[in-house]
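Trainee: Got coords14.cif for you, mmCIF, C-alpha atoms:
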```cif
data_input
loop_
_atom_site.label_atom_id
_atom_site.label_comp_id
_atom_site.auth_asym_id
_atom_site.auth_seq_id
_atom_site.Cartn_x
_atom_site.Cartn_y
_atom_site.Cartn_z
CA MET A 196 183.32 -63.75 -29.96
CA LYS A 197 183.95 -63.21 -26.32
CA TYR A 198 187.43 -62.23 -25.42
CA HIS A 199 187.37 -64.46 -22.36
CA SER A 200 186.56 -68.09 -22.77
CA THR A 201 184.64 -69.84 -20.02
CA ALA A 202 184.84 -73.54 -19.33
CA LEU A 203 181.17 -73.94 -20.22
CA ALA A 204 181.67 -72.23 -23.59
CA GLN A 205 184.36 -74.82 -24.34
CA GLY A 206 182.08 -77.69 -23.37
CA LEU A 207 183.71 -78.33 -20.01
CA ILE A 208 182.28 -78.55 -16.52
CA ARG A 209 184.26 -77.83 -13.39
CA CYS A 210 183.46 -80.28 -10.62
CA HIS A 211 182.02 -78.28 -7.74
CA ASP A 212 183.80 -80.30 -5.08
CA CYS A 213 187.17 -81.34 -6.38
CA GLY A 214 187.74 -78.79 -9.15
CA ARG A 215 188.40 -81.26 -11.91
CA LEU A 216 187.38 -80.29 -15.43
CA VAL A 217 185.17 -82.82 -17.17
CA LYS A 218 183.93 -82.84 -20.74
CA LEU A 219 180.22 -82.08 -20.96
CA ALA A 220 178.48 -85.24 -22.16
CA ASP A 221 175.04 -86.07 -20.83
CA LYS A 222 172.80 -85.15 -17.93
CA ASN A 223 173.23 -86.89 -14.57
CA GLN A 224 176.94 -86.96 -15.16
CA ARG A 225 179.22 -87.73 -12.23
CA CYS A 226 182.76 -86.60 -11.56
CA PRO A 227 185.22 -89.42 -12.31
CA ARG A 228 187.46 -88.31 -9.45
CA CYS A 229 185.12 -87.64 -6.53
CA ASN A 230 181.81 -89.05 -7.80
CA CYS A 231 179.77 -85.94 -7.08
CA ALA A 232 177.00 -84.86 -9.44
CA LEU A 233 178.27 -82.49 -12.11
CA HIS A 234 176.56 -79.23 -12.93
CA ALA A 235 177.88 -76.40 -15.03
CA ARG A 236 176.02 -73.97 -12.78
CA ILE A 237 174.38 -74.64 -9.42
CA PRO A 238 170.96 -76.09 -10.41
CA HIS A 239 167.97 -73.81 -9.76
CA SER A 240 170.33 -71.38 -8.11
CA LEU A 241 168.03 -68.36 -8.35
CA GLN A 242 164.91 -70.21 -7.19
CA ARG A 243 166.61 -71.79 -4.20
CA THR A 244 168.32 -68.57 -3.20
CA THR A 245 165.01 -66.70 -3.46
CA ALA A 246 163.26 -69.28 -1.32
CA PHE A 247 165.87 -69.12 1.44
CA LEU A 248 165.99 -65.35 1.20
CA LEU A 249 162.24 -64.85 1.56
CA SER A 250 162.14 -67.19 4.57
CA GLY A 251 165.04 -65.19 5.99
CA TYR A 252 163.15 -61.91 5.55
CA ALA A 253 160.01 -63.39 7.13
CA LEU A 254 161.89 -64.57 10.22
CA TYR A 255 163.94 -61.40 10.55
CA ILE A 256 160.83 -59.61 11.86
CA PRO A 257 160.01 -61.93 14.83
CA ALA A 258 163.74 -62.18 15.55
CA ASN A 259 163.79 -58.45 16.27
CA ILE A 260 160.35 -57.97 17.80
CA PHE A 261 160.20 -60.81 20.31
CA PRO A 262 162.45 -61.08 23.37
CA ILE A 263 165.66 -62.99 22.80
CA MET A 264 166.13 -63.58 26.53
CA MET A 265 164.45 -63.07 29.86
CA VAL A 266 166.64 -61.85 32.70
CA THR A 267 165.54 -62.38 36.30
CA GLN A 268 167.43 -60.44 38.92
CA TRP A 269 166.34 -60.34 42.60
CA GLY A 270 162.90 -61.59 41.62
CA LYS A 271 162.39 -58.95 38.94
CA ASN A 272 161.75 -60.18 35.40
CA GLN A 273 163.04 -58.25 32.44
CA LEU A 274 162.55 -59.07 28.77
CA HIS A 275 165.38 -58.26 26.39
CA THR A 276 165.06 -57.95 22.65
CA ILE A 277 168.21 -57.89 20.50
CA ILE A 278 168.15 -54.09 20.39
CA GLY A 279 167.32 -53.94 24.11
CA GLY A 280 170.44 -55.97 24.89
CA ILE A 281 172.56 -53.54 22.88
CA ILE A 282 171.02 -50.53 24.66
CA ALA A 283 171.68 -52.22 28.03
CA LEU A 284 175.34 -52.62 27.02
CA ILE A 285 175.59 -48.94 26.06
CA ASP A 286 173.97 -47.93 29.36
CA SER A 287 176.55 -49.89 31.32
CA HIS A 288 179.36 -48.11 29.42
CA MET A 289 180.49 -51.06 27.31
CA LEU A 290 180.41 -49.29 23.99
CA PRO A 291 182.95 -51.45 22.07
CA ILE A 292 181.06 -54.65 22.93
CA ALA A 293 177.77 -52.91 22.12
CA ILE A 294 179.10 -52.00 18.67
CA LEU A 295 180.33 -55.58 18.17
CA VAL A 296 176.90 -57.02 19.00
CA LEU A 297 175.18 -54.35 16.89
CA VAL A 298 177.30 -55.24 13.87
CA ALA A 299 177.06 -59.01 14.34
CA SER A 300 173.38 -59.36 15.14
CA ILE A 301 171.63 -56.43 13.44
CA LEU A 302 173.75 -54.96 10.66
CA VAL A 303 175.27 -58.16 9.27
CA PRO A 304 171.98 -60.11 8.89
CA LEU A 305 170.19 -57.08 7.43
CA LEU A 306 172.96 -56.18 4.99
CA LYS A 307 173.23 -59.83 4.03
CA LEU A 308 169.54 -60.05 3.23
CA LEU A 309 169.69 -56.82 1.21
CA GLY A 310 172.94 -57.82 -0.50
CA ILE A 311 171.61 -61.18 -1.66
CA THR A 312 168.43 -59.44 -2.87
CA LEU A 313 170.57 -57.10 -4.97
CA LEU A 314 172.55 -60.04 -6.37
CA LEU A 315 169.31 -61.79 -7.33
CA PHE A 316 167.92 -58.65 -8.98
CA CYS A 317 171.18 -58.18 -10.82
CA VAL A 318 171.04 -61.65 -12.35
CA HIS A 319 167.30 -61.67 -12.96
CA TYR A 320 167.10 -58.27 -14.68
CA ARG A 321 170.45 -58.73 -16.43
CA TRP A 322 171.92 -55.52 -15.10
CA GLN A 323 175.19 -54.67 -16.79
CA VAL A 324 177.48 -54.16 -13.82
CA ASP A 325 181.10 -54.42 -12.85
CA ALA A 326 181.01 -58.16 -12.21
CA ARG A 327 184.34 -58.06 -10.39
CA LEU A 328 182.91 -55.68 -7.82
CA TRP A 329 179.72 -57.69 -7.42
CA THR A 330 181.65 -60.93 -7.03
CA ARG A 331 183.59 -59.22 -4.27
CA MET A 332 180.31 -58.30 -2.58
CA TYR A 333 179.18 -61.92 -2.88
CA ARG A 334 182.42 -63.08 -1.25
CA ILE A 335 182.01 -60.67 1.66
CA ILE A 336 178.41 -61.84 2.17
CA ALA A 337 179.47 -65.48 2.14
CA PHE A 338 182.31 -64.78 4.58
CA VAL A 339 180.56 -62.73 7.26
CA GLY A 340 177.45 -64.90 7.57
CA ARG A 341 178.66 -67.24 10.27
CA TRP A 342 179.69 -64.40 12.61
CA SER A 343 176.05 -63.60 13.30
CA MET A 344 175.89 -66.79 15.35
CA LEU A 345 177.66 -64.77 18.04
CA ASP A 346 174.39 -63.84 19.73
CA ILE A 347 173.16 -67.44 19.79
CA PHE A 348 176.37 -68.73 21.36
CA MET A 349 176.34 -65.90 23.88
CA ILE A 350 172.80 -66.85 24.94
CA SER A 351 173.77 -70.50 25.25
CA ILE A 352 176.58 -69.51 27.64
CA LEU A 353 174.45 -67.05 29.62
CA VAL A 354 171.62 -69.55 30.01
CA THR A 355 173.89 -72.20 31.49
CA LEU A 356 175.89 -69.85 33.73
CA VAL A 357 173.20 -67.60 35.14
CA ASN A 358 171.03 -70.17 36.83
CA PHE A 359 170.52 -69.20 40.46
CA GLY A 360 166.76 -69.51 40.77
CA GLY A 361 165.09 -66.28 41.84
CA VAL A 362 168.36 -64.47 42.59
CA ALA A 363 169.56 -64.38 39.01
CA GLN A 364 168.42 -66.38 36.02
CA ILE A 365 168.52 -65.99 32.27
CA ILE A 366 166.09 -67.84 30.02
CA ALA A 367 166.27 -67.85 26.24
CA GLY A 368 163.30 -66.28 24.45
CA SER A 369 161.41 -67.18 21.32
CA ALA A 370 163.35 -64.71 19.19
CA ALA A 371 166.45 -66.87 19.64
CA THR A 372 164.97 -69.61 17.43
CA ALA A 373 163.88 -67.07 14.81
CA PHE A 374 167.26 -65.38 14.85
CA ALA A 375 169.16 -68.67 14.57
CA ALA A 376 166.93 -69.57 11.63
CA VAL A 377 167.69 -66.24 9.95
CA VAL A 378 171.42 -66.86 10.26
CA VAL A 379 171.19 -70.40 8.87
CA LEU A 380 168.79 -69.42 6.08
CA THR A 381 170.97 -66.54 4.90
CA MET A 382 174.03 -68.79 4.98
CA LEU A 383 172.17 -71.32 2.85
CA ALA A 384 170.97 -68.56 0.50
CA ALA A 385 174.56 -67.38 0.01
CA ARG A 386 175.67 -70.95 -0.66
CA CYS A 387 172.99 -71.54 -3.27
CA PHE A 388 173.78 -68.39 -5.19
CA ASP A 389 176.11 -69.05 -8.09
CA PRO A 390 178.46 -66.09 -8.72
CA ARG A 391 179.20 -67.43 -12.21
CA LEU A 392 175.72 -66.25 -13.20
CA LEU A 393 176.93 -62.68 -12.66
CA TRP A 394 179.66 -63.24 -15.20
CA ASP A 395 177.53 -65.14 -17.69
CA LEU A 396 175.20 -62.23 -18.35
CA GLN A 397 177.90 -59.63 -18.96
CA ARG A 398 177.99 -59.02 -22.69
CA ASP A 399 181.53 -57.81 -23.21
CA ASP A 400 184.21 -56.94 -20.76
CA MET B 261 206.65 -64.17 5.96
CA LYS B 262 207.07 -63.71 2.26
CA CYS B 263 203.70 -63.66 0.65
CA THR B 264 203.80 -61.92 -2.66
CA ILE B 265 200.48 -61.71 -4.38
CA ARG B 266 201.07 -62.34 -8.01
CA LYS B 267 198.49 -62.24 -10.66
CA LEU B 268 199.24 -64.90 -13.19
CA ALA B 269 198.33 -63.99 -16.71
CA ASN B 270 197.42 -67.51 -17.61
CA ARG B 271 194.42 -66.83 -19.74
CA ASN B 272 194.03 -68.82 -22.90
CA GLY B 273 196.11 -66.80 -25.30
CA ASN B 274 193.87 -66.73 -28.30
CA PRO B 275 190.41 -68.19 -27.88
CA GLY B 276 189.90 -68.25 -31.65
CA CYS B 277 192.24 -71.14 -32.26
CA GLU B 278 191.08 -73.10 -29.22
CA ASN B 279 188.29 -75.18 -30.63
CA GLN B 280 186.13 -77.53 -28.63
CA LYS B 281 188.05 -80.65 -29.48
CA THR B 282 191.43 -79.53 -28.27
CA ALA B 283 189.89 -78.05 -25.14
CA ALA B 284 188.24 -81.35 -24.32
CA MET B 285 191.45 -83.23 -24.99
CA ASN B 286 193.33 -80.94 -22.69
CA SER B 287 190.59 -80.98 -20.07
CA LEU B 288 192.96 -82.34 -17.46
CA LEU B 289 195.63 -79.82 -18.29
CA LEU B 290 193.24 -76.92 -17.92
CA ASP B 291 191.58 -75.40 -14.93
CA ALA B 292 188.51 -73.23 -14.41
CA CYS B 293 187.85 -70.51 -11.88
CA PRO B 294 185.12 -71.70 -9.47
CA GLU B 295 183.58 -68.23 -9.18
CA CYS B 296 183.59 -66.94 -12.76
CA ASP B 297 184.20 -70.12 -14.81
CA LEU B 298 187.11 -68.61 -16.74
CA LEU B 299 189.16 -71.28 -18.46
CA LEU B 300 192.75 -71.11 -17.23
CA LYS B 301 196.02 -72.84 -17.63
CA PRO B 302 196.92 -74.10 -14.16
CA ALA B 303 199.47 -71.84 -12.56
CA ALA B 304 202.26 -73.36 -10.56
CA PRO B 305 202.84 -70.79 -7.83
CA ALA B 306 205.81 -71.33 -5.54
CA ILE B 307 205.33 -71.84 -1.82
CA GLY B 308 204.32 -68.56 -0.20
CA GLU B 309 202.83 -67.24 -3.40
CA LYS B 310 199.21 -67.07 -4.37
CA ALA B 311 197.56 -67.56 -7.73
CA HIS B 312 194.54 -65.38 -8.38
CA CYS B 313 192.03 -65.57 -11.18
CA PRO B 314 192.91 -62.76 -13.60
CA ARG B 315 189.25 -61.96 -14.24
CA CYS B 316 187.45 -62.06 -10.87
CA GLY B 317 190.37 -62.12 -8.44
CA PHE B 318 189.40 -65.41 -6.76
CA MET B 319 192.31 -67.03 -4.97
CA LEU B 320 192.82 -70.23 -6.92
CA GLN B 321 195.85 -71.72 -5.25
CA ARG B 322 198.01 -71.07 -2.25
CA PRO B 323 200.53 -73.85 -1.94
CA ARG B 324 201.70 -74.67 1.55
CA LYS B 325 204.94 -76.18 2.72
CA HIS B 326 204.49 -79.80 3.87
CA SER B 327 200.73 -79.43 3.77
CA ILE B 328 200.03 -83.14 4.32
CA GLU B 329 202.49 -83.55 7.19
CA GLN B 330 201.29 -80.38 8.89
CA THR B 331 197.64 -81.35 8.53
CA PHE B 332 198.46 -84.76 10.00
CA ALA B 333 200.28 -83.25 12.98
CA LEU B 334 197.73 -80.51 13.60
CA SER B 335 194.78 -82.87 13.47
CA ILE B 336 196.37 -85.15 16.07
CA ALA B 337 196.95 -82.11 18.31
CA GLY B 338 193.36 -81.04 17.72
CA LEU B 339 192.02 -84.46 18.59
CA ILE B 340 193.86 -84.36 21.91
CA LEU B 341 192.76 -80.82 22.73
CA ILE B 342 189.12 -81.36 21.86
CA ILE B 343 188.71 -83.66 24.89
CA PRO B 344 189.52 -81.11 27.65
CA ALA B 345 187.91 -78.32 25.62
CA ASN B 346 184.63 -80.24 25.63
CA LEU B 347 184.69 -81.80 29.07
CA MET B 348 186.23 -79.18 31.34
CA PRO B 349 184.43 -76.00 32.40
CA LEU B 350 185.09 -73.01 30.17
CA VAL B 351 183.93 -70.22 32.44
CA GLY B 352 182.23 -69.94 35.80
CA ILE B 353 180.55 -67.20 37.74
CA LYS B 354 180.19 -66.63 41.45
CA ILE B 355 177.09 -65.03 42.95
CA LEU B 356 176.63 -64.97 46.75
CA SER B 357 179.37 -67.59 47.13
CA ASN B 358 177.54 -69.94 44.77
CA LEU B 359 179.72 -71.07 41.90
CA GLN B 360 178.16 -72.05 38.59
CA ASP B 361 180.32 -73.15 35.68
CA GLY B 362 179.54 -74.09 32.13
CA THR B 363 180.92 -76.42 29.49
CA LEU B 364 180.08 -76.54 25.79
CA TRP B 365 177.68 -79.40 26.47
CA SER B 366 175.94 -77.78 29.45
CA GLY B 367 174.99 -74.83 27.23
CA VAL B 368 173.28 -77.24 24.85
CA VAL B 369 171.52 -79.01 27.73
CA ALA B 370 170.33 -75.73 29.25
CA LEU B 371 168.77 -74.72 25.93
CA MET B 372 167.13 -78.14 25.59
CA ASN B 373 165.64 -77.85 29.07
CA GLU B 374 163.93 -74.68 27.96
CA ASN B 375 162.50 -76.44 24.90
CA MET B 376 164.66 -74.46 22.51
CA TRP B 377 165.31 -77.57 20.46
CA LEU B 378 166.32 -75.95 17.20
CA VAL B 379 168.77 -73.58 18.84
CA ALA B 380 170.20 -76.37 21.00
CA ILE B 381 170.76 -78.60 17.97
CA LEU B 382 172.37 -75.76 16.04
CA VAL B 383 174.72 -74.93 18.92
CA PHE B 384 175.58 -78.60 19.37
CA LEU B 385 176.36 -79.08 15.67
CA SER B 386 178.37 -75.93 15.13
CA SER B 387 180.36 -75.94 18.35
CA MET B 388 180.81 -79.63 19.11
CA LEU B 389 179.99 -82.12 16.38
CA PHE B 390 181.24 -80.31 13.27
CA PRO B 391 184.59 -79.25 14.77
CA LEU B 392 185.12 -82.85 15.91
CA LEU B 393 184.17 -84.28 12.52
CA ASN B 394 186.39 -81.72 10.83
CA ILE B 395 189.40 -82.83 12.82
CA ILE B 396 188.66 -86.54 12.38
CA LEU B 397 188.23 -86.15 8.63
CA ALA B 398 191.42 -84.09 8.33
CA LEU B 399 193.24 -86.79 10.31
CA LEU B 400 191.86 -89.63 8.17
CA ILE B 401 192.65 -87.90 4.89
CA SER B 402 196.12 -86.70 5.83
CA ALA B 403 197.03 -90.07 7.36
CA HIS B 404 196.06 -91.87 4.17
CA LEU B 405 197.91 -89.37 2.00
CA TYR B 406 200.95 -89.41 4.27
CA LEU B 407 201.19 -93.19 4.26
CA GLY B 408 200.29 -93.33 0.57
CA ARG B 409 197.39 -95.70 1.13
CA PRO B 410 194.42 -95.52 -1.20
CA HIS B 411 190.96 -95.77 0.30
CA ARG B 412 187.72 -95.79 -1.62
CA LYS B 413 186.11 -93.28 0.75
CA LEU B 414 188.97 -90.78 0.42
CA ALA B 415 187.19 -88.50 -2.08
CA LEU B 416 184.00 -88.65 -0.04
CA TRP B 417 185.84 -87.60 3.14
CA MET B 418 187.47 -84.72 1.33
CA ARG B 419 184.12 -83.53 -0.02
CA LEU B 420 182.57 -83.74 3.45
CA LEU B 421 185.46 -81.83 4.96
CA GLN B 422 185.02 -79.03 2.43
CA GLN B 423 181.30 -78.83 3.14
CA LEU B 424 181.68 -78.86 6.92
CA ASP B 425 184.41 -76.26 7.08
CA GLU B 426 181.94 -73.37 6.95
CA TRP B 427 179.67 -74.79 9.65
CA SER B 428 182.17 -75.37 12.41
CA MET B 429 182.19 -72.11 14.31
CA LEU B 430 184.67 -72.31 17.17
CA GLU B 431 185.98 -68.79 16.61
CA VAL B 432 182.46 -67.37 16.68
CA TYR B 433 181.82 -69.27 19.92
CA MET B 434 184.94 -67.71 21.39
CA LEU B 435 183.59 -64.25 20.60
CA GLY B 436 180.32 -65.32 22.23
CA ILE B 437 182.23 -66.28 25.39
CA ILE B 438 183.97 -62.90 25.45
CA VAL B 439 180.72 -60.94 25.05
CA ALA B 440 178.98 -63.09 27.69
CA CYS B 441 181.84 -62.56 30.15
CA VAL B 442 181.82 -58.81 29.63
CA LYS B 443 178.06 -58.76 30.21
CA LEU B 444 178.35 -60.84 33.37
CA SER B 445 181.35 -59.00 34.80
CA SER B 446 179.06 -56.23 36.06
CA ILE B 447 176.82 -58.54 38.11
CA ALA B 448 179.13 -61.36 39.15
CA GLU B 449 182.70 -62.53 39.52
CA VAL B 450 183.79 -64.34 36.35
CA LYS B 451 186.28 -67.19 36.61
CA PHE B 452 188.04 -68.86 33.70
CA GLY B 453 188.25 -72.62 33.80
CA PHE B 454 190.98 -74.87 32.43
CA GLY B 455 188.66 -75.84 29.60
CA LEU B 456 188.87 -72.30 28.25
CA TYR B 457 192.64 -72.55 27.73
CA ALA B 458 192.16 -75.87 25.94
CA PHE B 459 189.38 -74.26 23.90
CA VAL B 460 191.59 -71.34 22.84
CA ALA B 461 194.35 -73.77 21.87
CA LEU B 462 191.84 -75.86 19.93
CA LEU B 463 190.63 -72.73 18.18
CA VAL B 464 194.17 -71.83 17.11
CA ILE B 465 194.82 -75.40 15.94
CA SER B 466 191.63 -75.61 13.90
CA ALA B 467 192.30 -72.21 12.33
CA MET B 468 195.81 -73.37 11.39
CA LEU B 469 194.34 -76.62 10.14
CA SER B 470 192.01 -74.98 7.66
CA SER B 471 194.62 -72.48 6.49
CA ASN B 472 197.32 -75.14 6.04
CA LEU B 473 195.14 -77.53 4.13
CA ASP B 474 196.01 -77.00 0.50
CA ARG B 475 192.88 -78.27 -1.23
CA TYR B 476 194.36 -78.18 -4.71
CA SER B 477 197.32 -80.40 -3.91
CA PHE B 478 195.20 -82.64 -1.65
CA TRP B 479 192.87 -83.39 -4.55
CA GLN B 480 195.81 -84.09 -6.83
CA HIS B 481 197.27 -86.48 -4.29
CA ILE B 482 193.89 -88.17 -3.87
CA ASP B 483 193.60 -88.47 -7.65
CA ARG B 484 196.99 -90.15 -7.84
CA LEU B 485 196.12 -92.54 -5.00
CA ILE B 486 192.79 -93.48 -6.54
CA LYS B 487 194.49 -94.21 -9.85
CA ARG B 488 197.11 -96.31 -8.12
CA GLY B 489 194.42 -98.15 -6.19
CA ALA B 490 192.53 -98.90 -9.40
CA ALA B 491 195.62 -100.03 -11.30
#
```
Take the structure in this file and express it as structure tokens.
Mentor:
Amino acid sequence: MKYHSTALAQGLIRCHDCGRLVKLADKNQRCPRCNCALHARIPHSLQRTTAFLLSGYALYIPANIFPIMMVTQWGKNQLHTIIGGIIALIDSHMLPIAILVLVASILVPLLKLLGITLLLFCVHYRWQVDARLWTRMYRIIAFVGRWSMLDIFMISILVTLVNFGGVAQIIAGSAATAFAAVVVLTMLAARCFDPRLLWDLQRDD
Amino acid sequence: MKCTIRKLANRNGNPGCENQKTAAMNSLLLDACPECDLLLKPAAPAIGEKAHCPRCGFMLQRPRKHSIEQTFALSIAGLILIIPANLMPLVGIKILSNLQDGTLWSGVVALMNENMWLVAILVFLSSMLFPLLNIILALLISAHLYLGRPHRKLALWMRLLQQLDEWSMLEVYMLGIIVACVKLSSIAEVKFGFGLYAFVALLVISAMLSSNLDRYSFWQHIDRLIKRGAA
């Protein structure tokens, strides 16, 4: 007998949207309060998360290889990748901003991808871990995801402001689409992962 | 501000004597943690206190003072501020006495002109449409709860609001503006437009809006209204 009792073990489902507890009856059940479909655990959580994650990994490569923007200054064209933009910031002695961009657009997406991979491995191979710690990791991953959009918003502002023909112009590059897709895909992957699975597979705590 | 974090030992005392039948009968009196599914007795934390799940530490409840009234007021303020924040120029730069300024919308248009459709749509959704929808939904819900009027779409609006919350990214946009301005400051003169002040105010309002909205009590109020509407 488990010391802790989960809602599912007692035949109850918590509505994902409104938090109401409903007695488990049949499939295709709907919440009596908010009418959303009821599931004890997010359906196909691992498969969906894996799918989003793999697409995220695949797009992470073009996002870093291809130029994210093209800067024209006095008729000279210059291609910037994400890393190139950070190096340019360091060169012009703007270290704090460079660190901010480095964290938001390189470290956060990469650590997110790796973190979700670890979570998936943990559930799939039934690792016995400190679920409290891993849930905390999940929460951090889910929280920081949106901040990676920083680079995309910055480009959108630069593109509209720096538009002086041959004198100075900034054009967004193909990596911007790939990078935006990575951010959205990892956010979706984090959403699809169900942290309750981490707790379900722990034998005794 | 007094914000004592209190762990509430509200676990089911002895799971042995809690059989399935009684649990189902008490299903409305019980609560489950959304992140670890632990069955709990609902805590009733006072205002300024927080209730955490004793097993995984998830913050279950954080009651707010006058949550409905504050949401109502803040969403009206947000609705007013969103107009100048969207229409007036946020920042401008000056190169060789040519001034170029940008609004939220012009950034989207510039991306579209370069055939970056996906990025343009994403920027439009997360910086313009979703924040607007968020505020409208918060206004609709809080107005109905404040006036005590049931509406059959109330639960749907609340669900939408919860889903959209993550995708409206005004604060990230603000950081983007700051980084862009720092980058541009070396090559041009950067000027702040009136829209930027409205944008910062909107940002503060929408942050207050999502932190003041007490989901737990909102759902309970909605539940009561739906029942009253059905009766």
Trainee: Using only C-alpha atoms, find each residue in chain B having at least one atom no more than 7 Å away from chain A; report its shortest atom-to-atom pair and that distance in Å (one decimal), rows by chain then rising number, as a tab-separated table.
Mentor:
```
residue	atom	partner	partner_atom	distance
B:Pro275	CA	A:Ser200	CA	6.4
B:Gln280	CA	A:Gln205	CA	5.4
B:Ala283	CA	A:Gln205	CA	6.5
B:Ala284	CA	A:Lys218	CA	5.8
B:Ser287	CA	A:Leu216	CA	5.7
B:Leu288	CA	A:Leu216	CA	6.3
B:Asp291	CA	A:Leu216	CA	6.5
B:Ala292	CA	A:Ala202	CA	6.1
B:Glu295	CA	A:Arg391	CA	5.4
B:Cys296	CA	A:Arg391	CA	4.5
B:Asp297	CA	A:Thr201	CA	5.2
B:Leu298	CA	A:Thr201	CA	4.3
B:Leu299	CA	A:Ala202	CA	5.0
B:Cys316	CA	A:Arg327	CA	5.1
B:Gly352	CA	A:Leu356	CA	6.7
B:Ile353	CA	A:Leu356	CA	6.7
B:Gln360	CA	A:Leu356	CA	5.8
B:Asp361	CA	A:Leu356	CA	5.9
B:Gly362	CA	A:Leu356	CA	5.8
B:Ser366	CA	A:Thr355	CA	6.3
B:Gly367	CA	A:Ser351	CA	4.9
B:Val368	CA	A:Ser351	CA	6.8
B:Ala370	CA	A:Thr355	CA	5.5
B:Leu371	CA	A:Ser351	CA	6.6
B:Leu378	CA	A:Thr372	CA	6.5
B:Val379	CA	A:Thr372	CA	5.7
B:Val383	CA	A:Phe348	CA	6.9
B:Ala415	CA	A:Cys229	CA	5.0
B:Leu416	CA	A:Cys229	CA	6.7
B:Arg419	CA	A:Asp212	CA	6.0
B:Val432	CA	A:Leu345	CA	5.6
B:Tyr433	CA	A:Phe348	CA	5.7
B:Leu435	CA	A:Leu345	CA	6.5
B:Gly436	CA	A:Met349	CA	4.3
B:Ile437	CA	A:Met349	CA	6.1
B:Val439	CA	A:Ile292	CA	6.6
B:Ala440	CA	A:Met349	CA	5.4
B:Trp479	CA	A:Cys213	CA	6.3
B:Asp483	CA	A:Arg228	CA	6.4
```
Trainee: Specify as a ChimeraX atom specification each residue included when the PyMOL selection byres ((chain A and resi 313) around 12) is applied to this file.
Mentor: /A:244-245,248,306-312,314-322,324,329-330,332-333,336,388,393
Trainee: Tell me which residues the PyMOL selection byres ((chain B and resi 482) around 10) grabs here, as a list in words.
Mentor: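 Given this file, the PyMOL selection byres ((chain B and resi 482) around 10) evaluates to Cys213, Arg228 and Cys229 of chain A; Ile401, His404, Leu405, Gly408, Arg409, Pro410, His411, Leu414, Ala415, Met418, Ser477, Phe478, Trp479, Gln480, His481, Asp483, Arg484, Leu485, Ile486, Lys487 and Arg488 of chain B.
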Trainee: Taking the file as shown, what set of residues would the PyMOL selection byres ((chain A and resi 269) around 12) give back, as a PyMOL selection string?
Mentor: (chain A and resi 266-268+270-273+359-365) or (chain B and resi 355+447)
Trainee: Measuring between all atoms listed in the file, which one of A:Val377, A:Leu396, A:Leu302, A:Arg386 shows the shortest distance to Leu254 of chain A?
Mentor: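 Among A:Val377, A:Leu396, A:Leu302, A:Arg386, it is A:Val377 that comes nearest to Leu254 of chain A.
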